[in-house]
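Here is coords-v9.csv, consisting of CSV, C-alpha atoms:
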chain,number,residue,atom,x,y,z
A,140,MET,CA,0.0,0.0,0.0
A,141,ASN,CA,1.0,3.6,-0.4
A,142,ASN,CA,2.9,5.1,2.6
A,143,THR,CA,2.3,8.7,1.9
A,144,ASN,CA,-0.8,10.9,2.3
A,145,ASN,CA,-2.9,11.7,-0.8
A,146,GLN,CA,-2.9,15.3,-1.8
A,147,GLY,CA,-6.7,15.4,-2.1
A,148,VAL,CA,-9.2,15.0,0.7
A,149,SER,CA,-11.2,11.8,0.3
A,150,ARG,CA,-14.9,11.3,1.1
A,151,LEU,CA,-14.1,8.9,3.9
A,152,TYR,CA,-11.7,11.4,5.5
A,153,LEU,CA,-14.5,14.0,5.4
A,154,ILE,CA,-17.0,11.6,7.0
A,155,LEU,CA,-14.5,10.7,9.8
A,156,THR,CA,-13.8,14.4,10.4
A,157,ALA,CA,-17.5,15.3,10.6
A,158,VAL,CA,-18.2,12.5,13.1
A,159,PHE,CA,-15.1,13.5,15.1
A,160,CYS,CA,-16.2,17.1,15.4
A,161,THR,CA,-19.8,16.1,16.2
A,162,CYS,CA,-18.6,13.8,19.0
A,163,LEU,CA,-16.5,16.5,20.6
A,164,ILE,CA,-19.3,19.1,20.5
A,165,THR,CA,-21.9,16.5,21.8
A,166,ALA,CA,-19.5,15.4,24.6
A,167,ASN,CA,-19.2,19.0,25.8
A,168,LEU,CA,-22.9,19.5,25.9
A,169,LEU,CA,-23.5,16.1,27.6
A,170,GLU,CA,-21.0,17.0,30.3
A,171,THR,CA,-23.7,19.1,32.0
A,172,LYS,CA,-25.5,15.9,33.2
A,173,VAL,CA,-24.0,13.9,36.1
A,174,VAL,CA,-24.8,10.2,36.1
A,175,GLN,CA,-24.6,7.8,39.0
A,176,ILE,CA,-24.7,4.0,38.5
A,177,GLY,CA,-24.3,2.2,41.9
A,178,SER,CA,-21.4,4.0,43.6
A,179,VAL,CA,-19.8,5.3,40.4
A,180,THR,CA,-20.4,8.9,39.3
A,181,PHE,CA,-19.5,10.2,35.9
A,182,THR,CA,-20.7,12.8,33.4
A,183,ALA,CA,-22.9,11.8,30.5
A,184,GLY,CA,-20.2,13.0,28.1
A,185,PHE,CA,-18.4,9.7,28.9
A,186,ILE,CA,-20.7,7.8,26.5
A,187,VAL,CA,-19.5,9.7,23.4
A,188,PHE,CA,-16.1,11.3,24.1
A,189,PRO,CA,-14.0,8.1,23.8
A,190,VAL,CA,-15.4,7.8,20.2
A,191,SER,CA,-13.3,10.8,19.3
A,192,TYR,CA,-10.2,8.9,20.4
A,193,ILE,CA,-11.2,5.9,18.4
A,194,ILE,CA,-11.6,8.1,15.3
A,195,ASN,CA,-8.2,9.7,16.2
A,196,ASP,CA,-6.6,6.2,16.1
A,197,ILE,CA,-8.2,5.4,12.8
A,198,ALA,CA,-7.1,8.7,11.2
A,199,THR,CA,-3.5,8.3,12.5
A,200,GLU,CA,-3.3,4.7,11.4
A,201,VAL,CA,-4.6,5.4,7.9
A,202,TYR,CA,-3.7,9.1,7.1
A,203,GLY,CA,-0.7,9.6,9.4
A,204,PHE,CA,0.1,12.2,12.0
A,205,LYS,CA,-0.6,15.1,9.7
A,206,GLY,CA,-4.0,13.8,8.7
A,207,ALA,CA,-4.9,13.3,12.3
A,208,LYS,CA,-3.5,16.7,13.3
A,209,THR,CA,-5.7,18.5,10.7
A,210,MET,CA,-8.7,16.7,12.1
A,211,ILE,CA,-7.8,17.6,15.7
A,212,TYR,CA,-7.4,21.3,14.9
A,213,LEU,CA,-10.7,21.4,13.0
A,214,GLY,CA,-12.3,19.8,16.1
A,215,PHE,CA,-10.8,22.4,18.3
A,216,ALA,CA,-12.0,25.2,16.0
A,217,MET,CA,-15.5,23.9,15.9
A,218,ASN,CA,-15.6,23.5,19.7
A,219,PHE,CA,-14.4,27.1,20.0
A,220,LEU,CA,-17.0,28.4,17.6
A,221,VAL,CA,-19.8,26.6,19.5
A,222,LEU,CA,-18.5,28.1,22.7
A,223,VAL,CA,-18.4,31.6,21.3
A,224,PHE,CA,-21.9,31.5,19.6
A,225,SER,CA,-23.3,29.9,22.8
A,226,GLN,CA,-22.1,32.8,24.9
A,227,ILE,CA,-23.5,35.3,22.4
A,228,ALA,CA,-26.9,33.5,22.5
A,229,ILE,CA,-26.9,33.6,26.3
A,230,MET,CA,-26.3,37.3,26.3
A,231,LEU,CA,-29.1,38.0,23.9
A,232,PRO,CA,-32.3,39.2,25.7
A,233,ALA,CA,-34.9,36.5,26.1
A,234,ALA,CA,-38.5,37.0,25.0
A,235,PRO,CA,-40.7,37.8,28.0
A,236,PHE,CA,-43.0,34.8,27.4
A,237,TRP,CA,-40.1,32.3,27.2
A,238,ASP,CA,-39.2,30.6,30.5
A,239,GLY,CA,-36.3,28.4,29.4
A,240,ALA,CA,-33.5,30.9,30.0
A,241,ASP,CA,-32.1,29.2,33.1
A,242,ALA,CA,-32.1,25.8,31.5
A,243,PHE,CA,-30.5,27.2,28.3
A,244,ARG,CA,-27.8,28.9,30.4
A,245,PHE,CA,-27.2,25.7,32.4
A,246,VAL,CA,-26.6,23.6,29.2
A,247,PHE,CA,-24.7,26.1,27.1
A,248,GLY,CA,-23.2,28.4,29.7
A,249,LEU,CA,-20.0,26.6,30.6
A,250,ALA,CA,-18.0,28.6,33.1
A,251,PRO,CA,-14.8,30.2,31.5
A,252,ARG,CA,-12.6,28.0,33.7
A,253,ILE,CA,-14.4,24.8,32.5
A,254,ALA,CA,-14.4,25.9,28.9
A,255,VAL,CA,-10.6,26.7,28.9
A,256,ALA,CA,-9.9,23.4,30.7
A,257,SER,CA,-12.0,21.5,28.2
A,258,LEU,CA,-10.4,23.0,25.1
A,259,LEU,CA,-6.8,22.7,26.3
A,260,ALA,CA,-7.3,19.2,27.5
A,261,PHE,CA,-8.8,18.1,24.2
A,262,LEU,CA,-6.0,19.6,22.2
A,263,THR,CA,-3.1,18.2,24.3
A,264,GLY,CA,-4.7,14.8,24.8
A,265,SER,CA,-5.7,14.3,21.1
A,266,LEU,CA,-2.3,15.4,19.9
A,267,ALA,CA,-0.6,13.1,22.4
A,268,ASN,CA,-2.8,10.2,21.3
A,269,ALA,CA,-1.9,10.8,17.6
A,270,TYR,CA,1.8,11.2,18.3
A,271,VAL,CA,2.1,8.0,20.3
A,272,MET,CA,0.1,6.1,17.8
A,273,SER,CA,2.3,7.3,14.9
A,274,ARG,CA,5.6,6.7,16.7
A,275,MET,CA,4.7,3.2,17.6
A,276,LYS,CA,3.6,2.4,14.1
A,277,VAL,CA,7.0,3.6,12.7
A,278,LYS,CA,8.7,1.1,15.0
A,279,ASN,CA,6.3,-1.7,14.3
A,280,GLN,CA,3.6,-1.8,11.6
A,281,LYS,CA,1.9,-4.7,13.2
A,282,ARG,CA,0.1,-4.8,16.6
A,283,PHE,CA,-2.6,-2.1,15.9
A,284,SER,CA,-4.5,-3.1,19.0
A,285,LEU,CA,-1.5,-2.4,21.2
A,286,ARG,CA,-0.9,1.0,19.6
A,287,ALA,CA,-4.6,1.9,20.0
A,288,ILE,CA,-4.6,1.0,23.7
A,289,VAL,CA,-1.2,2.6,24.6
A,290,SER,CA,-2.0,5.8,22.7
A,291,THR,CA,-5.4,6.1,24.4
A,292,ILE,CA,-3.8,5.7,27.8
A,293,ALA,CA,-1.3,8.5,26.9
A,294,GLY,CA,-4.0,10.7,25.4
A,295,GLU,CA,-6.6,10.2,28.1
A,296,GLY,CA,-3.9,10.5,30.8
A,297,LEU,CA,-2.7,13.9,29.5
A,298,ASP,CA,-6.3,15.0,28.9
A,299,SER,CA,-7.1,14.3,32.6
A,300,LEU,CA,-3.9,15.9,33.9
A,301,VAL,CA,-4.8,19.1,32.1
A,302,PHE,CA,-8.6,19.2,32.5
A,303,PHE,CA,-9.3,18.2,36.1
A,304,PRO,CA,-6.7,20.4,37.9
A,305,ILE,CA,-7.7,23.5,35.8
A,306,ALA,CA,-11.4,22.8,36.1
A,307,PHE,CA,-11.7,21.6,39.7
A,308,LEU,CA,-8.6,22.4,41.7
A,309,GLY,CA,-9.7,24.1,44.9
A,310,THR,CA,-13.2,22.7,44.7
A,311,MET,CA,-12.4,19.2,46.0
A,312,SER,CA,-9.7,17.5,47.9
A,313,GLY,CA,-6.6,16.3,46.1
A,314,GLU,CA,-7.5,12.7,46.9
A,315,GLU,CA,-10.9,13.0,45.3
A,316,LEU,CA,-9.4,14.8,42.3
A,317,LEU,CA,-6.9,12.0,41.8
A,318,LYS,CA,-9.6,9.3,42.1
A,319,LEU,CA,-11.7,11.2,39.5
A,320,MET,CA,-8.8,11.4,37.1
A,321,LEU,CA,-7.9,7.7,37.4
A,322,LEU,CA,-11.6,6.7,37.0
A,323,GLN,CA,-11.8,8.7,33.7
A,324,VAL,CA,-8.6,7.3,32.3
A,325,CYS,CA,-9.4,3.7,33.2
A,326,GLY,CA,-13.0,3.9,32.1
A,327,LYS,CA,-12.3,5.5,28.7
A,328,THR,CA,-9.4,3.0,28.1
A,329,LEU,CA,-11.7,0.1,28.9
A,330,TYR,CA,-14.2,1.6,26.4
A,331,GLU,CA,-11.5,1.6,23.8
A,332,VAL,CA,-10.6,-2.1,24.5
A,333,VAL,CA,-14.3,-3.1,24.2
A,334,MET,CA,-14.6,-1.3,20.9
A,335,LEU,CA,-11.3,-2.7,19.5
A,336,PRO,CA,-13.0,-5.3,17.2
A,337,VAL,CA,-15.1,-2.6,15.6
A,338,THR,CA,-12.2,-0.2,15.4
A,339,SER,CA,-9.9,-2.8,13.7
A,340,ARG,CA,-12.6,-3.6,11.1
A,341,VAL,CA,-13.1,0.1,10.4
A,342,VAL,CA,-9.3,0.6,10.0
A,343,ALA,CA,-9.0,-2.4,7.7
A,344,TYR,CA,-12.0,-1.2,5.6
A,345,THR,CA,-10.6,2.4,5.4
A,346,LYS,CA,-7.1,1.3,4.3
A,347,ARG,CA,-8.6,-0.9,1.7
A,348,LYS,CA,-11.0,1.7,0.4
A,349,GLU,CA,-8.4,4.5,0.4
A,350,ASN,CA,-5.5,2.2,-0.8
A,351,LEU,CA,-3.5,4.0,1.9
A,352,ASP,CA,-1.5,2.9,4.9
A,353,THR,CA,0.6,5.9,6.1
A,354,ILE,CA,3.9,5.3,7.9
A,355,ASP,CA,5.3,8.5,9.3
A,356,SER,CA,9.0,7.6,8.7
A,357,ASN,CA,10.0,11.1,7.8
A,358,GLU,CA,7.5,13.0,10.0
A,359,ASN,CA,8.9,15.9,12.0
A,360,TYR,CA,5.9,16.1,14.3
A,361,LYS,CA,5.6,19.9,14.1
A,362,LEU,CA,2.4,21.1,15.8
A,363,PHE,CA,1.8,23.9,13.2

Could you rewrite the structure in this file as structure tokens?
Amino acid sequence: MNNTNNQGVSRLYLILTAVFCTCLITANLLETKVVQIGSVTFTAGFIVFPVSYIINDIATEVYGFKGAKTMIYLGFAMNFLVLVFSQIAIMLPAAPFWDGADAFRFVFGLAPRIAVASLLAFLTGSLANAYVMSRMKVKNQKRFSLRAIVSTIAGEGLDSLVFFPIAFLGTMSGEELLKLMLLQVCGKTLYEVVMLPVTSRVVAYTKRKENLDTIDSNENYKLF
């Protein structure tokens, strides 16, 4: 197979990018709901956010670090746009007969601290995921499952290290903060493991359809 990226943008790449951006925006909106199952508490964004890491793995495996990086920056930009337009919508005066202002503000009105934490965590975690995935593939083109799991641990770990201290430091004890971080990393990694059979099939299909299997042998891993 080809080991360099195509110059054009394929239909499959566009579809993956659209799903990636949608998952990120949806995850941020679902974060407003706190779920409790037994003694385990987590936010509803948990059900969709790991999907973005799975797509990240697929993009890096097929299109290489540059292809994944472009997708990540687009996701960041779309998240930022939603945040900006949401704040503008909140500031607009509500109609006197409309009583949904408080609920609207609750869903879309992320505190600046949470918004900054979310954006920075996504960017650093996603880039780390793509970097580890790419570097491991350069050393060994086999063992996709191992690459997917290790890169997710790296990405989710860095995501948690950035997000939770910025978002919640000072609002809970250090012990509770650490437990929450570990729970997120372990839970999302387990999600990745469970989905590996599906991910592997999607990767194989995409490689075959695109006639592409990028190996970043000469990649300099510049962020911009």

- Message: Taking only C-alpha atoms into account, name the residue in A:Ser284, A:Ser312, A:Gln323, A:Ser191 that is nearest to A:Ser265.
- Response: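 Among the listed residues, the smallest separation from A:Ser265 belongs to A:Ser191.
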
- Message: So that I can see what lies close to A:Glu331, please list as a ChimeraX atom specification the residues with an atom at most 9 Å from it, counting all atoms listed in the file and leaving out residues fewer than 6 positions away in the same chain.
- Response: /A:189-190,192-193,287-288,291,338

- With only C-alpha atoms as the basis for distance, which of A:Val173, A:Ala254, A:Ile194, A:Ile292 is at the shortest distance from A:Leu151?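 Looking at the shortest contact to A:Leu151, the residue is A:Ile194.
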
- Note on the structure: Here atom CA of A:Thr182 and atom CA of A:Glu170 stand apart by 5.2 Å

- Message: My list of candidates is A:Ile305, A:Leu163, A:Leu297, A:Leu168. Which is closest to A:Phe215 when distances are computed with all atoms listed in the file?
- Response: A:Leu163

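Residue nearest A:Val271 within the list A:Phe283, A:Phe247, A:Phe181, A:Tyr212: A:Phe283 [criterion: smallest interatomic distance, all atoms listed in the file].
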
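Atom CA of A:Tyr330 lies 18.5 Å from atom CA of A:Gly177.
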
Would you mind writing stretch 301-326 of chain A with N, CA, C and O atoms, as a PDB file, in the coordinates of the input?
ATOM      1  N   VAL A 301      -4.582  17.676  32.401  1.00  0.00           N
ATOM      2  CA  VAL A 301      -4.800  19.100  32.100  1.00  0.00           C
ATOM      3  C   VAL A 301      -6.183  19.533  32.536  1.00  0.00           C
ATOM      4  O   VAL A 301      -6.322  20.586  33.177  1.00  0.00           O
ATOM      5  N   PHE A 302      -7.224  18.731  32.222  1.00  0.00           N
ATOM      6  CA  PHE A 302      -8.600  19.200  32.500  1.00  0.00           C
ATOM      7  C   PHE A 302      -8.940  19.305  33.964  1.00  0.00           C
ATOM      8  O   PHE A 302      -9.397  20.364  34.412  1.00  0.00           O
ATOM      9  N   PHE A 303      -8.761  18.250  34.723  1.00  0.00           N
ATOM     10  CA  PHE A 303      -9.300  18.200  36.100  1.00  0.00           C
ATOM     11  C   PHE A 303      -8.608  19.238  37.031  1.00  0.00           C
ATOM     12  O   PHE A 303      -9.307  19.913  37.797  1.00  0.00           O
ATOM     13  N   PRO A 304      -7.286  19.402  37.008  1.00  0.00           N
ATOM     14  CA  PRO A 304      -6.700  20.400  37.900  1.00  0.00           C
ATOM     15  C   PRO A 304      -7.165  21.847  37.510  1.00  0.00           C
ATOM     16  O   PRO A 304      -7.457  22.658  38.398  1.00  0.00           O
ATOM     17  N   ILE A 305      -7.239  22.141  36.194  1.00  0.00           N
ATOM     18  CA  ILE A 305      -7.700  23.500  35.800  1.00  0.00           C
ATOM     19  C   ILE A 305      -9.151  23.685  36.164  1.00  0.00           C
ATOM     20  O   ILE A 305      -9.551  24.745  36.655  1.00  0.00           O
ATOM     21  N   ALA A 306      -9.978  22.674  35.936  1.00  0.00           N
ATOM     22  CA  ALA A 306     -11.400  22.800  36.100  1.00  0.00           C
ATOM     23  C   ALA A 306     -11.845  22.743  37.594  1.00  0.00           C
ATOM     24  O   ALA A 306     -12.776  23.436  38.010  1.00  0.00           O
ATOM     25  N   PHE A 307     -11.179  21.902  38.406  1.00  0.00           N
ATOM     26  CA  PHE A 307     -11.700  21.600  39.700  1.00  0.00           C
ATOM     27  C   PHE A 307     -10.755  21.807  40.895  1.00  0.00           C
ATOM     28  O   PHE A 307     -11.140  21.584  42.043  1.00  0.00           O
ATOM     29  N   LEU A 308      -9.502  22.212  40.623  1.00  0.00           N
ATOM     30  CA  LEU A 308      -8.600  22.400  41.700  1.00  0.00           C
ATOM     31  C   LEU A 308      -9.093  23.490  42.671  1.00  0.00           C
ATOM     32  O   LEU A 308      -9.478  24.575  42.250  1.00  0.00           O
ATOM     33  N   GLY A 309      -9.145  23.143  43.944  1.00  0.00           N
ATOM     34  CA  GLY A 309      -9.700  24.100  44.900  1.00  0.00           C
ATOM     35  C   GLY A 309     -11.131  23.832  45.266  1.00  0.00           C
ATOM     36  O   GLY A 309     -11.642  24.360  46.265  1.00  0.00           O
ATOM     37  N   THR A 310     -11.824  23.038  44.434  1.00  0.00           N
ATOM     38  CA  THR A 310     -13.200  22.700  44.700  1.00  0.00           C
ATOM     39  C   THR A 310     -13.434  21.378  45.325  1.00  0.00           C
ATOM     40  O   THR A 310     -14.538  21.064  45.747  1.00  0.00           O
ATOM     41  N   MET A 311     -12.392  20.554  45.350  1.00  0.00           N
ATOM     42  CA  MET A 311     -12.400  19.200  46.000  1.00  0.00           C
ATOM     43  C   MET A 311     -11.058  18.874  46.483  1.00  0.00           C
ATOM     44  O   MET A 311     -10.065  19.513  46.119  1.00  0.00           O
ATOM     45  N   SER A 312     -10.988  17.883  47.326  1.00  0.00           N
ATOM     46  CA  SER A 312      -9.700  17.500  47.900  1.00  0.00           C
ATOM     47  C   SER A 312      -8.806  16.869  46.796  1.00  0.00           C
ATOM     48  O   SER A 312      -9.295  16.381  45.768  1.00  0.00           O
ATOM     49  N   GLY A 313      -7.497  16.892  47.058  1.00  0.00           N
ATOM     50  CA  GLY A 313      -6.600  16.300  46.100  1.00  0.00           C
ATOM     51  C   GLY A 313      -6.811  14.835  45.894  1.00  0.00           C
ATOM     52  O   GLY A 313      -6.665  14.321  44.785  1.00  0.00           O
ATOM     53  N   GLU A 314      -7.228  14.145  46.955  1.00  0.00           N
ATOM     54  CA  GLU A 314      -7.500  12.700  46.900  1.00  0.00           C
ATOM     55  C   GLU A 314      -8.687  12.430  45.955  1.00  0.00           C
ATOM     56  O   GLU A 314      -8.641  11.523  45.117  1.00  0.00           O
ATOM     57  N   GLU A 315      -9.750  13.210  46.113  1.00  0.00           N
ATOM     58  CA  GLU A 315     -10.900  13.000  45.300  1.00  0.00           C
ATOM     59  C   GLU A 315     -10.623  13.384  43.824  1.00  0.00           C
ATOM     60  O   GLU A 315     -11.111  12.732  42.890  1.00  0.00           O
ATOM     61  N   LEU A 316      -9.807  14.400  43.625  1.00  0.00           N
ATOM     62  CA  LEU A 316      -9.400  14.800  42.300  1.00  0.00           C
ATOM     63  C   LEU A 316      -8.632  13.696  41.589  1.00  0.00           C
ATOM     64  O   LEU A 316      -8.877  13.381  40.418  1.00  0.00           O
ATOM     65  N   LEU A 317      -7.725  13.087  42.322  1.00  0.00           N
ATOM     66  CA  LEU A 317      -6.900  12.000  41.800  1.00  0.00           C
ATOM     67  C   LEU A 317      -7.785  10.791  41.425  1.00  0.00           C
ATOM     68  O   LEU A 317      -7.612  10.168  40.371  1.00  0.00           O
ATOM     69  N   LYS A 318      -8.731  10.464  42.313  1.00  0.00           N
ATOM     70  CA  LYS A 318      -9.600   9.300  42.100  1.00  0.00           C
ATOM     71  C   LYS A 318     -10.456   9.579  40.787  1.00  0.00           C
ATOM     72  O   LYS A 318     -10.645   8.674  39.975  1.00  0.00           O
ATOM     73  N   LEU A 319     -10.942  10.815  40.633  1.00  0.00           N
ATOM     74  CA  LEU A 319     -11.700  11.200  39.500  1.00  0.00           C
ATOM     75  C   LEU A 319     -10.921  11.040  38.189  1.00  0.00           C
ATOM     76  O   LEU A 319     -11.399  10.526  37.169  1.00  0.00           O
ATOM     77  N   MET A 320      -9.676  11.484  38.238  1.00  0.00           N
ATOM     78  CA  MET A 320      -8.800  11.400  37.100  1.00  0.00           C
ATOM     79  C   MET A 320      -8.524   9.954  36.694  1.00  0.00           C
ATOM     80  O   MET A 320      -8.600   9.584  35.523  1.00  0.00           O
ATOM     81  N   LEU A 321      -8.217   9.124  37.687  1.00  0.00           N
ATOM     82  CA  LEU A 321      -7.900   7.700  37.400  1.00  0.00           C
ATOM     83  C   LEU A 321      -9.155   6.985  36.884  1.00  0.00           C
ATOM     84  O   LEU A 321      -9.052   6.144  35.986  1.00  0.00           O
ATOM     85  N   LEU A 322     -10.327   7.319  37.422  1.00  0.00           N
ATOM     86  CA  LEU A 322     -11.600   6.700  37.000  1.00  0.00           C
ATOM     87  C   LEU A 322     -11.818   7.026  35.498  1.00  0.00           C
ATOM     88  O   LEU A 322     -12.208   6.151  34.705  1.00  0.00           O
ATOM     89  N   GLN A 323     -11.588   8.285  35.122  1.00  0.00           N
ATOM     90  CA  GLN A 323     -11.800   8.700  33.700  1.00  0.00           C
ATOM     91  C   GLN A 323     -10.851   7.964  32.791  1.00  0.00           C
ATOM     92  O   GLN A 323     -11.265   7.459  31.747  1.00  0.00           O
ATOM     93  N   VAL A 324      -9.573   7.909  33.153  1.00  0.00           N
ATOM     94  CA  VAL A 324      -8.600   7.300  32.300  1.00  0.00           C
ATOM     95  C   VAL A 324      -8.886   5.768  32.151  1.00  0.00           C
ATOM     96  O   VAL A 324      -8.901   5.214  31.037  1.00  0.00           O
ATOM     97  N   CYS A 325      -9.145   5.107  33.275  1.00  0.00           N
ATOM     98  CA  CYS A 325      -9.400   3.700  33.200  1.00  0.00           C
ATOM     99  C   CYS A 325     -10.704   3.352  32.490  1.00  0.00           C
ATOM    100  O   CYS A 325     -10.758   2.422  31.669  1.00  0.00           O
ATOM    101  N   GLY A 326     -11.749   4.139  32.748  1.00  0.00           N
ATOM    102  CA  GLY A 326     -13.000   3.900  32.100  1.00  0.00           C
ATOM    103  C   GLY A 326     -12.981   4.105  30.610  1.00  0.00           C
ATOM    104  O   GLY A 326     -13.502   3.286  29.829  1.00  0.00           O
TER     105      GLY A 326
END
